[in-house]
$ cat work.pdb   # PDB, C-alpha atoms and all ligand atoms
ATOM      1  CA  MET A   1      85.254  90.020  84.015
ATOM      2  CA  LYS A   2      88.414  88.542  82.451
ATOM      3  CA  GLU A   3      86.560  87.807  79.193
ATOM      4  CA  LYS A   4      85.083  91.297  79.202
ATOM      5  CA  ILE A   5      88.585  92.781  79.580
ATOM      6  CA  ARG A   6      90.030  90.590  76.828
ATOM      7  CA  SER A   7      87.269  91.682  74.428
ATOM      8  CA  LEU A   8      87.698  95.372  75.374
ATOM      9  CA  LEU A   9      91.443  95.049  74.783
ATOM     10  CA  LYS A  10      90.702  93.721  71.296
ATOM     11  CA  LYS A  11      88.171  96.447  70.583
ATOM     12  CA  ARG A  12      90.578  99.227  71.664
ATOM     13  CA  LYS A  13      93.625  97.619  69.974
ATOM     14  CA  ALA A  14      95.134  97.721  73.424
ATOM     15  CA  ILE A  15      97.829  95.847  75.302
ATOM     16  CA  MET A  16      97.625  95.223  79.044
ATOM     17  CA  LEU A  17     100.909  95.391  80.949
ATOM     18  CA  SER A  18     101.212  94.317  84.583
ATOM     19  CA  HIS A  19     104.005  94.728  87.091
ATOM     20  CA  ASN A  20     105.052  91.582  88.978
ATOM     21  CA  TYR A  21     103.582  92.989  92.253
ATOM     22  CA  GLN A  22     100.028  93.353  90.925
ATOM     23  CA  PRO A  23      97.187  91.208  92.338
ATOM     24  CA  PRO A  24      97.054  87.644  90.870
ATOM     25  CA  GLU A  25      93.826  88.219  88.909
ATOM     26  CA  ILE A  26      95.416  91.229  87.152
ATOM     27  CA  GLN A  27      98.573  89.270  86.298
ATOM     28  CA  ASP A  28      96.474  86.392  84.942
ATOM     29  CA  VAL A  29      94.606  88.537  82.419
ATOM     30  CA  ALA A  30      97.533  90.761  81.320
ATOM     31  CA  ASP A  31      99.375  90.340  78.006
ATOM     32  CA  LEU A  32     102.722  90.750  79.729
ATOM     33  CA  CYS A  33     103.897  90.732  83.338
ATOM     34  CA  GLY A  34     107.382  91.883  84.184
ATOM     35  CA  ASP A  35     109.810  94.074  86.050
ATOM     36  CA  SER A  36     110.185  97.798  85.335
ATOM     37  CA  LEU A  37     112.799  97.286  82.616
ATOM     38  CA  GLU A  38     110.845  94.622  80.718
ATOM     39  CA  LEU A  39     107.664  96.691  80.881
ATOM     40  CA  SER A  40     109.455  99.843  79.645
ATOM     41  CA  ILE A  41     110.941  97.950  76.700
ATOM     42  CA  LYS A  42     107.552  96.490  75.805
ATOM     43  CA  ALA A  43     105.902  99.922  76.090
ATOM     44  CA  ALA A  44     108.521 101.303  73.674
ATOM     45  CA  GLN A  45     108.160  98.476  71.167
ATOM     46  CA  THR A  46     104.463  97.570  71.076
ATOM     47  CA  ASP A  47     102.361  98.435  68.047
ATOM     48  CA  ALA A  48      99.157  98.547  70.116
ATOM     49  CA  GLU A  49      97.267 101.864  70.020
ATOM     50  CA  VAL A  50      96.449 101.844  73.726
ATOM     51  CA  ILE A  51      98.530 100.674  76.690
ATOM     52  CA  VAL A  52      96.604  99.894  79.865
ATOM     53  CA  PHE A  53      99.222  99.916  82.586
ATOM     54  CA  CYS A  54      98.597  97.948  85.763
ATOM     55  CA  GLY A  55     101.244  99.235  88.107
ATOM     56  CA  VAL A  56     101.856 102.662  89.595
ATOM     57  CA  HIS A  57     101.863 106.167  88.140
ATOM     58  CA  PHE A  58     105.567 106.463  87.206
ATOM     59  CA  MET A  59     105.300 103.273  85.155
ATOM     60  CA  ALA A  60     102.400 104.604  83.061
ATOM     61  CA  GLU A  61     104.228 107.906  82.755
ATOM     62  CA  THR A  62     107.354 106.141  81.474
ATOM     63  CA  ALA A  63     105.224 104.320  78.884
ATOM     64  CA  SER A  64     103.810 107.682  77.763
ATOM     65  CA  ILE A  65     107.306 109.217  77.610
ATOM     66  CA  LEU A  66     108.392 106.389  75.315
ATOM     67  CA  SER A  67     105.236 106.184  73.198
ATOM     68  CA  PRO A  68     103.722 109.694  73.043
ATOM     69  CA  ASP A  69     101.414 108.773  70.152
ATOM     70  CA  LYS A  70      99.738 106.009  72.139
ATOM     71  CA  THR A  71      97.041 106.432  74.742
ATOM     72  CA  VAL A  72      98.368 105.220  78.099
ATOM     73  CA  LEU A  73      95.760 104.378  80.729
ATOM     74  CA  LEU A  74      96.363 103.917  84.440
ATOM     75  CA  PRO A  75      93.136 102.329  85.751
ATOM     76  CA  ARG A  76      93.565 103.950  89.187
ATOM     77  CA  GLU A  77      94.960 107.460  89.046
ATOM     78  CA  ASP A  78      95.689 107.374  92.787
ATOM     79  CA  ALA A  79      98.144 104.455  92.432
ATOM     80  CA  GLY A  80     101.326 106.385  93.181
ATOM     81  CA  CYS A  81     104.808 105.482  94.385
ATOM     82  CA  LEU A  82     105.950 106.816  97.756
ATOM     83  CA  MET A  83     109.588 106.756  96.680
ATOM     84  CA  ALA A  84     108.897 108.684  93.457
ATOM     85  CA  ASP A  85     107.249 111.363  95.626
ATOM     86  CA  MET A  86     110.444 111.808  97.685
ATOM     87  CA  ILE A  87     112.134 113.991  95.080
ATOM     88  CA  GLU A  88     111.047 117.064  93.150
ATOM     89  CA  PRO A  89     112.835 118.947  90.363
ATOM     90  CA  VAL A  90     113.523 122.051  92.520
ATOM     91  CA  GLY A  91     115.236 119.968  95.199
ATOM     92  CA  LEU A  92     117.277 118.066  92.636
ATOM     93  CA  GLN A  93     118.300 121.298  90.910
ATOM     94  CA  ALA A  94     119.355 122.787  94.278
ATOM     95  CA  MET A  95     121.554 119.747  94.961
ATOM     96  CA  LEU A  96     123.065 119.896  91.473
ATOM     97  CA  ASP A  97     123.892 123.562  92.000
ATOM     98  CA  LYS A  98     125.951 122.632  95.069
ATOM     99  CA  LEU A  99     127.881 119.748  93.461
ATOM    100  CA  PRO A 100     130.585 119.907  90.814
ATOM    101  CA  PRO A 101     129.190 118.976  87.374
ATOM    102  CA  MET A 102     128.438 115.241  87.189
ATOM    103  CA  PRO A 103     125.957 112.889  85.484
ATOM    104  CA  VAL A 104     122.669 112.134  87.214
ATOM    105  CA  VAL A 105     121.396 108.546  87.212
ATOM    106  CA  THR A 106     117.717 108.448  88.093
ATOM    107  CA  TYR A 107     115.826 105.300  89.024
ATOM    108  CA  VAL A 108     112.726 104.910  86.846
ATOM    109  CA  ASN A 109     110.739 105.088  90.097
ATOM    110  CA  SER A 110     110.559 108.873  89.707
ATOM    111  CA  THR A 111     108.408 111.509  88.034
ATOM    112  CA  ALA A 112     108.888 112.587  84.409
ATOM    113  CA  ALA A 113     110.004 116.031  85.629
ATOM    114  CA  VAL A 114     112.869 114.493  87.622
ATOM    115  CA  LYS A 115     113.814 112.206  84.714
ATOM    116  CA  ALA A 116     113.940 115.335  82.557
ATOM    117  CA  LEU A 117     116.815 116.678  84.709
ATOM    118  CA  SER A 118     118.730 113.402  84.504
ATOM    119  CA  THR A 119     121.490 112.085  82.258
ATOM    120  CA  ILE A 120     120.204 108.514  82.146
ATOM    121  CA  CYS A 121     117.664 106.352  83.948
ATOM    122  CA  CYS A 122     118.157 102.922  85.471
ATOM    123  CA  THR A 123     116.105 100.112  86.920
ATOM    124  CA  SER A 124     116.988  97.513  89.530
ATOM    125  CA  ALA A 125     117.890  95.142  86.671
ATOM    126  CA  ASN A 126     120.495  97.342  84.967
ATOM    127  CA  VAL A 127     121.756  99.797  87.603
ATOM    128  CA  VAL A 128     125.362  98.544  87.626
ATOM    129  CA  ASP A 129     125.628  98.525  83.811
ATOM    130  CA  VAL A 130     124.182 102.046  83.690
ATOM    131  CA  VAL A 131     126.618 103.418  86.282
ATOM    132  CA  ASN A 132     129.609 101.757  84.607
ATOM    133  CA  SER A 133     128.546 103.044  81.176
ATOM    134  CA  LEU A 134     129.158 106.645  82.244
ATOM    135  CA  ASP A 135     132.444 108.348  81.504
ATOM    136  CA  ALA A 136     132.669 110.057  84.906
ATOM    137  CA  ASP A 137     134.324 109.344  88.252
ATOM    138  CA  GLU A 138     131.494 110.876  90.290
ATOM    139  CA  ILE A 139     127.771 110.313  89.830
ATOM    140  CA  LEU A 140     124.651 111.538  91.578
ATOM    141  CA  MET A 141     122.022 108.828  91.957
ATOM    142  CA  THR A 142     118.378 109.612  92.725
ATOM    143  CA  PRO A 143     115.999 109.005  94.405
ATOM    144  CA  ASP A 144     116.745 105.634  96.051
ATOM    145  CA  ARG A 145     119.639 105.786  98.524
ATOM    146  CA  ASN A 146     119.569 101.997  98.985
ATOM    147  CA  LEU A 147     119.867 101.322  95.258
ATOM    148  CA  ALA A 148     122.636 103.932  95.074
ATOM    149  CA  LEU A 149     124.570 102.323  97.945
ATOM    150  CA  TYR A 150     124.143  98.927  96.271
ATOM    151  CA  ALA A 151     125.589 100.333  93.017
ATOM    152  CA  ALA A 152     128.393 102.034  94.988
ATOM    153  CA  SER A 153     129.383  98.658  96.455
ATOM    154  CA  LEU A 154     129.922  97.293  92.931
ATOM    155  CA  THR A 155     131.732 100.177  91.243
ATOM    156  CA  LYS A 156     134.888 102.217  91.761
ATOM    157  CA  LYS A 157     133.017 105.459  91.019
ATOM    158  CA  LYS A 158     132.113 107.876  93.792
ATOM    159  CA  ILE A 159     128.332 107.825  94.173
ATOM    160  CA  HIS A 160     126.444 110.763  95.687
ATOM    161  CA  THR A 161     123.035 109.768  97.004
ATOM    162  CA  TRP A 162     119.616 111.359  97.370
ATOM    163  CA  ASP A 163     117.893 110.428 100.618
ATOM    164  CA  GLY A 164     114.835 108.677  99.152
ATOM    165  CA  TYR A 165     113.783 105.086  99.730
ATOM    166  CA  CYS A 166     110.977 102.616  99.141
ATOM    167  CA  PRO A 167     109.102 102.284 102.459
ATOM    168  CA  THR A 168     108.067  98.722 101.557
ATOM    169  CA  HIS A 169     111.660  97.524 101.109
ATOM    170  CA  ASP A 170     113.267  99.792 103.710
ATOM    171  CA  ARG A 171     110.976  98.179 106.301
ATOM    172  CA  LEU A 172     112.851  94.887 106.055
ATOM    173  CA  LYS A 173     115.431  94.656 108.840
ATOM    174  CA  PRO A 174     118.279  92.185 109.504
ATOM    175  CA  ALA A 175     116.283  90.793 112.460
ATOM    176  CA  ASP A 176     113.457  89.811 110.053
ATOM    177  CA  VAL A 177     115.935  88.084 107.745
ATOM    178  CA  ASN A 178     117.633  86.265 110.617
ATOM    179  CA  HIS A 179     114.247  85.117 111.872
ATOM    180  CA  ALA A 180     113.265  83.830 108.404
ATOM    181  CA  ARG A 181     116.647  82.090 108.051
ATOM    182  CA  ARG A 182     116.170  80.328 111.400
ATOM    183  CA  THR A 183     112.663  79.255 110.369
ATOM    184  CA  TYR A 184     113.710  78.046 106.882
ATOM    185  CA  PRO A 185     117.392  77.111 107.279
ATOM    186  CA  ASP A 186     117.729  75.498 103.825
ATOM    187  CA  ALA A 187     116.176  78.375 101.875
ATOM    188  CA  VAL A 188     118.079  80.786  99.614
ATOM    189  CA  PHE A 189     117.584  84.430 100.625
ATOM    190  CA  MET A 190     116.854  86.613  97.567
ATOM    191  CA  ALA A 191     116.823  90.382  98.128
ATOM    192  CA  HIS A 192     115.806  93.345  96.007
ATOM    193  CA  PRO A 193     118.362  96.187  95.702
ATOM    194  CA  GLU A 194     115.799  98.595  97.212
ATOM    195  CA  CYS A 195     116.520  96.869 100.573
ATOM    196  CA  ARG A 196     118.868  98.442 103.125
ATOM    197  CA  PRO A 197     122.631  97.729 102.806
ATOM    198  CA  GLU A 198     122.624  95.751 106.079
ATOM    199  CA  VAL A 199     119.903  93.505 104.607
ATOM    200  CA  LEU A 200     121.708  93.136 101.269
ATOM    201  CA  GLU A 201     124.797  91.998 103.198
ATOM    202  CA  LEU A 202     122.785  88.986 104.349
ATOM    203  CA  ALA A 203     121.500  88.094 100.875
ATOM    204  CA  ASP A 204     122.532  85.065  98.826
ATOM    205  CA  VAL A 205     121.394  86.815  95.642
ATOM    206  CA  ILE A 206     120.333  90.369  94.786
ATOM    207  CA  ARG A 207     117.970  90.707  91.838
ATOM    208  CA  SER A 208     115.130  92.713  90.266
ATOM    209  CA  THR A 209     111.689  91.116  90.551
ATOM    210  CA  SER A 210     111.937  89.275  87.213
ATOM    211  CA  GLY A 211     115.561  88.465  88.038
ATOM    212  CA  MET A 212     114.314  86.629  91.133
ATOM    213  CA  ILE A 213     111.799  84.644  89.056
ATOM    214  CA  ARG A 214     114.542  83.598  86.611
ATOM    215  CA  TYR A 215     116.972  82.808  89.439
ATOM    216  CA  ALA A 216     114.436  80.522  91.151
ATOM    217  CA  GLU A 217     113.693  78.780  87.832
ATOM    218  CA  GLU A 218     117.361  78.101  87.141
ATOM    219  CA  SER A 219     118.356  77.200  90.706
ATOM    220  CA  LYS A 220     118.715  73.591  91.888
ATOM    221  CA  LYS A 221     117.485  74.742  95.309
ATOM    222  CA  SER A 222     113.873  74.194  96.216
ATOM    223  CA  ALA A 223     113.147  76.831  98.880
ATOM    224  CA  PHE A 224     113.530  80.612  98.831
ATOM    225  CA  ILE A 225     113.057  83.489 101.254
ATOM    226  CA  VAL A 226     111.787  86.433  99.210
ATOM    227  CA  GLY A 227     113.062  89.889 100.170
ATOM    228  CA  THR A 228     110.729  92.050  98.142
ATOM    229  CA  GLU A 229     107.076  93.125  97.974
ATOM    230  CA  ILE A 230     104.930  90.095  98.781
ATOM    231  CA  GLY A 231     103.019  90.276  95.479
ATOM    232  CA  LEU A 232     106.037  88.625  93.851
ATOM    233  CA  LEU A 233     105.197  85.365  95.607
ATOM    234  CA  TYR A 234     102.390  84.766  93.091
ATOM    235  CA  PRO A 235     104.470  84.839  89.849
ATOM    236  CA  LEU A 236     107.309  83.016  91.628
ATOM    237  CA  LYS A 237     104.969  80.178  92.544
ATOM    238  CA  LYS A 238     103.304  80.205  89.121
ATOM    239  CA  ALA A 239     106.667  79.808  87.368
ATOM    240  CA  ASN A 240     107.942  77.269  89.925
ATOM    241  CA  PRO A 241     104.988  75.200  91.172
ATOM    242  CA  ASP A 242     107.239  72.571  92.797
ATOM    243  CA  LYS A 243     109.341  75.048  94.769
ATOM    244  CA  LEU A 244     108.660  76.793  98.063
ATOM    245  CA  PHE A 245     108.654  80.576  98.601
ATOM    246  CA  TYR A 246     108.469  82.389 101.921
ATOM    247  CA  PRO A 247     108.144  86.146 102.454
ATOM    248  CA  ALA A 248     111.147  87.617 104.302
ATOM    249  CA  SER A 249     108.531  89.653 106.173
ATOM    250  CA  SER A 250     104.760  89.870 105.806
ATOM    251  CA  LYS A 251     105.185  93.655 106.351
ATOM    252  CA  MET A 252     106.556  94.049 102.811
ATOM    253  CA  LEU A 253     103.311  95.168 101.219
ATOM    254  CA  CYS A 254     102.901  98.134  98.870
ATOM    255  CA  LYS A 255      99.301  99.351  99.118
ATOM    256  CA  ASN A 256      99.592 101.325  95.887
ATOM    257  CA  MET A 257     100.446  98.175  93.955
ATOM    258  CA  LYS A 258      97.181  96.572  95.151
ATOM    259  CA  LYS A 259      94.766  99.332  94.160
ATOM    260  CA  ILE A 260      93.841  98.244  90.629
ATOM    261  CA  SER A 261      90.984  95.752  90.340
ATOM    262  CA  LEU A 262      89.632  93.961  87.247
ATOM    263  CA  GLU A 263      86.602  96.302  87.435
ATOM    264  CA  ASP A 264      88.959  99.304  87.256
ATOM    265  CA  VAL A 265      90.679  97.875  84.173
ATOM    266  CA  ALA A 266      87.344  97.238  82.428
ATOM    267  CA  ARG A 267      86.019 100.712  83.278
ATOM    268  CA  SER A 268      89.210 102.388  82.153
ATOM    269  CA  LEU A 269      89.096 100.608  78.770
ATOM    270  CA  GLU A 270      85.358 101.114  78.335
ATOM    271  CA  LEU A 271      85.437 104.879  79.042
ATOM    272  CA  MET A 272      89.076 105.480  78.006
ATOM    273  CA  GLU A 273      89.469 106.892  81.502
ATOM    274  CA  GLY A 274      92.694 107.512  83.467
ATOM    275  CA  GLU A 275      94.926 108.733  80.660
ATOM    276  CA  VAL A 276      98.489 109.611  81.674
ATOM    277  CA  LYS A 277     100.209 112.139  79.439
ATOM    278  CA  VAL A 278     103.424 114.119  79.835
ATOM    279  CA  SER A 279     103.780 117.642  78.459
ATOM    280  CA  GLU A 280     106.187 117.823  75.518
ATOM    281  CA  ASN A 281     108.700 120.192  77.204
ATOM    282  CA  ILE A 282     109.225 117.612  79.969
ATOM    283  CA  ARG A 283     108.762 114.532  77.809
ATOM    284  CA  GLN A 284     111.580 115.299  75.389
ATOM    285  CA  PRO A 285     114.453 115.511  77.930
ATOM    286  CA  ALA A 286     112.892 112.665  79.960
ATOM    287  CA  PHE A 287     112.716 110.546  76.788
ATOM    288  CA  LYS A 288     116.466 110.996  76.216
ATOM    289  CA  ALA A 289     117.252 109.696  79.720
ATOM    290  CA  VAL A 290     114.915 106.683  79.437
ATOM    291  CA  GLN A 291     115.866 105.817  75.849
ATOM    292  CA  LYS A 292     119.591 105.907  76.715
ATOM    293  CA  MET A 293     118.918 103.293  79.392
ATOM    294  CA  ILE A 294     116.878 101.101  77.034
ATOM    295  CA  ASP A 295     119.517 101.303  74.275
ATOM    296  CA  LEU A 296     122.189 100.271  76.760
ATOM    297  CA  SER A 297     120.142  97.337  78.058
ATOM    298  CA  LEU A 298     119.237  96.118  74.579
ATOM    299  CA  SER A 299     122.903  96.242  73.526
ATOM    300  CA  LYS A 300     123.928  93.911  76.391
TER     301      LYS A 300
HETATM  302  P1  LIG A 401     111.483  95.922  89.576
HETATM  303  O1  LIG A 401     110.293  95.068  89.228
HETATM  304  O2  LIG A 401     112.003  96.628  88.380
HETATM  305  O3  LIG A 401     112.525  95.106  90.273
HETATM  306  O4  LIG A 401     110.995  97.095  90.545
HETATM  307  C1  LIG A 401     110.542  96.922  91.826
HETATM  308  C2  LIG A 401     109.669  98.014  92.300
HETATM  309  O5  LIG A 401     109.697  98.407  93.426
HETATM  310  C3  LIG A 401     108.748  98.622  91.376
HETATM  311  O6  LIG A 401     107.970  99.535  92.012
HETATM  312 FE1  LIG A 402     107.163 102.554  94.979
HETATM  313 FE2  LIG A 402     108.159 100.767  96.685
HETATM  314 FE3  LIG A 402     105.616 100.592  95.978
HETATM  315 FE4  LIG A 402     107.569 100.003  94.200
HETATM  316  S1  LIG A 402     107.091  98.893  96.075
HETATM  317  S2  LIG A 402     105.727 101.244  93.876
HETATM  318  S3  LIG A 402     109.133 101.481  94.839
HETATM  319  S4  LIG A 402     106.565 102.310  97.123
END
$ encode --input "work.pdb" --output "structure tokens" --more "lines below"
Ligand code: 13P
Ligand code: SF4
Amino acid sequence: MKEKIRSLLKKRKAIMLSHNYQPPEIQDVADLCGDSLELSIKAAQTDAEVIVFCGVHFMAETASILSPDKTVLLPREDAGCLMADMIEPVGLQAMLDKLPPMPVVTYVNSTAAVKALSTICCTSANVVDVVNSLDADEILMTPDRNLALYAASLTKKKIHTWDGYCPTHDRLKPADVNHARRTYPDAVFMAHPECRPEVLELADVIRSTSGMIRYAEESKKSAFIVGTEIGLLYPLKKANPDKLFYPASSKMLCKNMKKISLEDVARSLELMEGEVKVSENIRQPAFKAVQKMIDLSLSK
């Protein structure tokens, strides 16, 4: 199946991108695995004609926003993101109407229509830089309240939050972390900024998914408790075969991130099935918000 996919990728002049939470067999056959920021940058810069995106819907949509002339395929159209579904443009507009004018920072884990109403996007890797880049004392951050509270803890700006969250990360509680710490007393606890503030308070380091991989590679420590979706254990182990990684909680599983199989990827490439496309009236304002974020990150 892997050989079949590689030959279909060649035939279609396609690139296969995989998020770090995808199943191991998907990560092993992909051209690039990464966090949301790395995958967005690659989607903007690739000269491939087709992008087959192994992740969830907003990721494929972001690729299509950035590269409207390319065909973007999501091998399972039902691979959504529960957090992205927690905000809709009408609700955001109603909140904006109640607040004094201020920039809107929207996490890439959102629909194109919500990005289109935003000043700039951010990911877990660049949220603090994005917030500090804005010439405003007050900012509305959507949809992740945990990411917004994390950013608020690192900036002097007043941050207004939207009450969305990632159920996979929000599920992790201090009691789980304390239990993992007691079980692995020498391990470093790495947490993702989508975790609750009371969990982040217990963290030794807070990073995006690729940030955690780099941190583990550079660290002299040999054991790590991983406070993010459990799919990250695979690339962590692959990059650090001599180190030990333990899930902070086995409950941290995102079902949507596990939907795509190798068969789905092959079928999607064979039939050019599962195209994700954004209508031009939404794409253009959404593009501005995503491109601003990418320009800022590339200038750092
Ligand atoms: P990052 O890989 O950008 O840290 O994002 C995590 C996530 O939840 C993606 O859905
Ligand atoms: Fe969405 Fe959370 Fe799943 Fe990422 S892990 S796709 S944020 S529900």
$ closest_residue --input "work.pdb" --among "A:Lys220, A:Lys173, A:Lys11, A:Lys259" --to "ligand LIG 402 (chain A)" --atoms "all atoms listed in the file"
A:Lys259
$ atom_distance --input "work.pdb" --atom1 "CA of His192 (chain A)" --atom2 "CA of Thr46 (chain A)"
27.7 Å
$ axis_aligned_box --input "work.pdb" --around "ligand LIG 401 (chain A)" --padding-each-side "4 Å" --output "JSON"
{"center_x": 110.2, "center_y": 97.3, "center_z": 90.9, "size_x": 12.6, "size_y": 12.5, "size_z": 13.0}
$ resolve_selection --input "work.pdb" --expression "the PyMOL selection byres (((chain A and resi 162-165) around 9) and not hetatm)" --output "mmCIF file with C-alpha atoms, in the frame of the given file"
data_model
loop_
_atom_site.group_PDB
_atom_site.id
_atom_site.type_symbol
_atom_site.label_atom_id
_atom_site.label_comp_id
_atom_site.auth_asym_id
_atom_site.auth_seq_id
_atom_site.Cartn_x
_atom_site.Cartn_y
_atom_site.Cartn_z
ATOM 1 C CA LEU A 82 105.950 106.816 97.756
ATOM 2 C CA MET A 83 109.588 106.756 96.680
ATOM 3 C CA ALA A 84 108.897 108.684 93.457
ATOM 4 C CA ASP A 85 107.249 111.363 95.626
ATOM 5 C CA MET A 86 110.444 111.808 97.685
ATOM 6 C CA ILE A 87 112.134 113.991 95.080
ATOM 7 C CA LEU A 92 117.277 118.066 92.636
ATOM 8 C CA MET A 95 121.554 119.747 94.961
ATOM 9 C CA LEU A 140 124.651 111.538 91.578
ATOM 10 C CA MET A 141 122.022 108.828 91.957
ATOM 11 C CA THR A 142 118.378 109.612 92.725
ATOM 12 C CA PRO A 143 115.999 109.005 94.405
ATOM 13 C CA ASP A 144 116.745 105.634 96.051
ATOM 14 C CA ARG A 145 119.639 105.786 98.524
ATOM 15 C CA ASN A 146 119.569 101.997 98.985
ATOM 16 C CA LEU A 147 119.867 101.322 95.258
ATOM 17 C CA ALA A 148 122.636 103.932 95.074
ATOM 18 C CA HIS A 160 126.444 110.763 95.687
ATOM 19 C CA THR A 161 123.035 109.768 97.004
ATOM 20 C CA CYS A 166 110.977 102.616 99.141
ATOM 21 C CA PRO A 167 109.102 102.284 102.459
ATOM 22 C CA THR A 168 108.067 98.722 101.557
ATOM 23 C CA HIS A 169 111.660 97.524 101.109
ATOM 24 C CA ASP A 170 113.267 99.792 103.710
ATOM 25 C CA GLU A 194 115.799 98.595 97.212
ATOM 26 C CA CYS A 195 116.520 96.869 100.573
#
$ residues_near_ligand --input "work.pdb" --ligand "ligand LIG 401 (chain A)" --cutoff "6 Å" --atoms "only C-alpha atoms and all ligand atoms" --output "number ranges by chain"
A: 35-37, 123-124, 208-209
$ atom_distance --input "work.pdb" --atom1 "CA of Glu77 (chain A)" --atom2 "CA of Asn256 (chain A)"
10.3 Å
$ residues_around --input "work.pdb" --residues "Pro68 (chain A)" --least-positions-apart "3" --cutoff "12 Å" --atoms "all atoms listed in the file" --output "list in words"
Ala43, Ala44, Glu49, Val50, Ile51, Ala60, Glu61, Thr62, Ala63, Ser64, Ile65, Thr71, Val72, Glu275, Val276, Lys277, Val278, Ser279, Glu280, Ile282, Arg283, Gln284, Ala286 and Phe287 of chain A
$ closest_residue --input "work.pdb" --among "A:Gly231, A:Pro241, A:Pro75, A:Pro174" --to "Gly274 (chain A)" --atoms "all atoms listed in the file"
A:Pro75
$ residues_near_point --input "work.pdb" --point "(130.7, 105.0, 84.4)" --cutoff "10 Å" --atoms "all atoms listed in the file" --output "number ranges by chain"
A: 103, 128-139, 155-158
$ atom_distance --input "work.pdb" --atom1 "CA of Val56 (chain A)" --atom2 "CA of Cys81 (chain A)"
6.3 Å
$ resolve_selection --input "work.pdb" --expression "the PyMOL selection byres (((chain A and resi 251) around 10) and not hetatm)" --output "short mmCIF file (atom, residue, chain, number, x, y, z; two decimals) with C-alpha atoms, in the frame of the given file"
data_model
loop_
_atom_site.label_atom_id
_atom_site.label_comp_id
_atom_site.auth_asym_id
_atom_site.auth_seq_id
_atom_site.Cartn_x
_atom_site.Cartn_y
_atom_site.Cartn_z
CA THR A 168 108.07 98.72 101.56
CA HIS A 169 111.66 97.52 101.11
CA ARG A 171 110.98 98.18 106.30
CA LEU A 172 112.85 94.89 106.06
CA ASP A 176 113.46 89.81 110.05
CA GLU A 229 107.08 93.12 97.97
CA ILE A 230 104.93 90.10 98.78
CA PRO A 247 108.14 86.15 102.45
CA ALA A 248 111.15 87.62 104.30
CA SER A 249 108.53 89.65 106.17
CA SER A 250 104.76 89.87 105.81
CA MET A 252 106.56 94.05 102.81
CA LEU A 253 103.31 95.17 101.22
CA CYS A 254 102.90 98.13 98.87
#
$ resolve_selection --input "work.pdb" --expression "the PyMOL selection byres (((chain A and resi 1) around 8) and not hetatm)" --output "list in words"
Lys2, Glu3, Lys4, Ile5, Leu262, Glu263 and Ala266 of chain A
$ residues_around --input "work.pdb" --residues "Ile26 (chain A)" --least-positions-apart "5" --cutoff "9 Å" --atoms "all atoms listed in the file" --output "PyMOL selection string"
chain A and resi 2+18+54+260-262+265
$ closest_residue --input "work.pdb" --among "A:Ser222, A:Glu25, A:Tyr184, A:Val177" --to "Glu198 (chain A)" --atoms "all atoms listed in the file"
A:Val177
$ closest_residue --input "work.pdb" --among "A:Leu232, A:Val52, A:Ala223, A:Ala94" --to "ligand LIG 402 (chain A)" --atoms "all atoms listed in the file"
A:Leu232
$ closest_residue --input "work.pdb" --among "A:Gln45, A:Gln291, A:Pro197, A:Asn178" --to "Tyr150 (chain A)" --atoms "only C-alpha atoms"
A:Pro197
$ residues_around --input "work.pdb" --residues "Gln93 (chain A)" --least-positions-apart "3" --cutoff "12 Å" --atoms "all atoms listed in the file" --output "VMD selection string"
chain A and resid 87 to 90 96 to 99 101 104 113 to 118 140 142 162
$ closest_residue --input "work.pdb" --among "A:Lys70, A:Lys10, A:Arg207, A:Lys258" --to "ligand LIG 402 (chain A)" --atoms "only C-alpha atoms and all ligand atoms"
A:Lys258
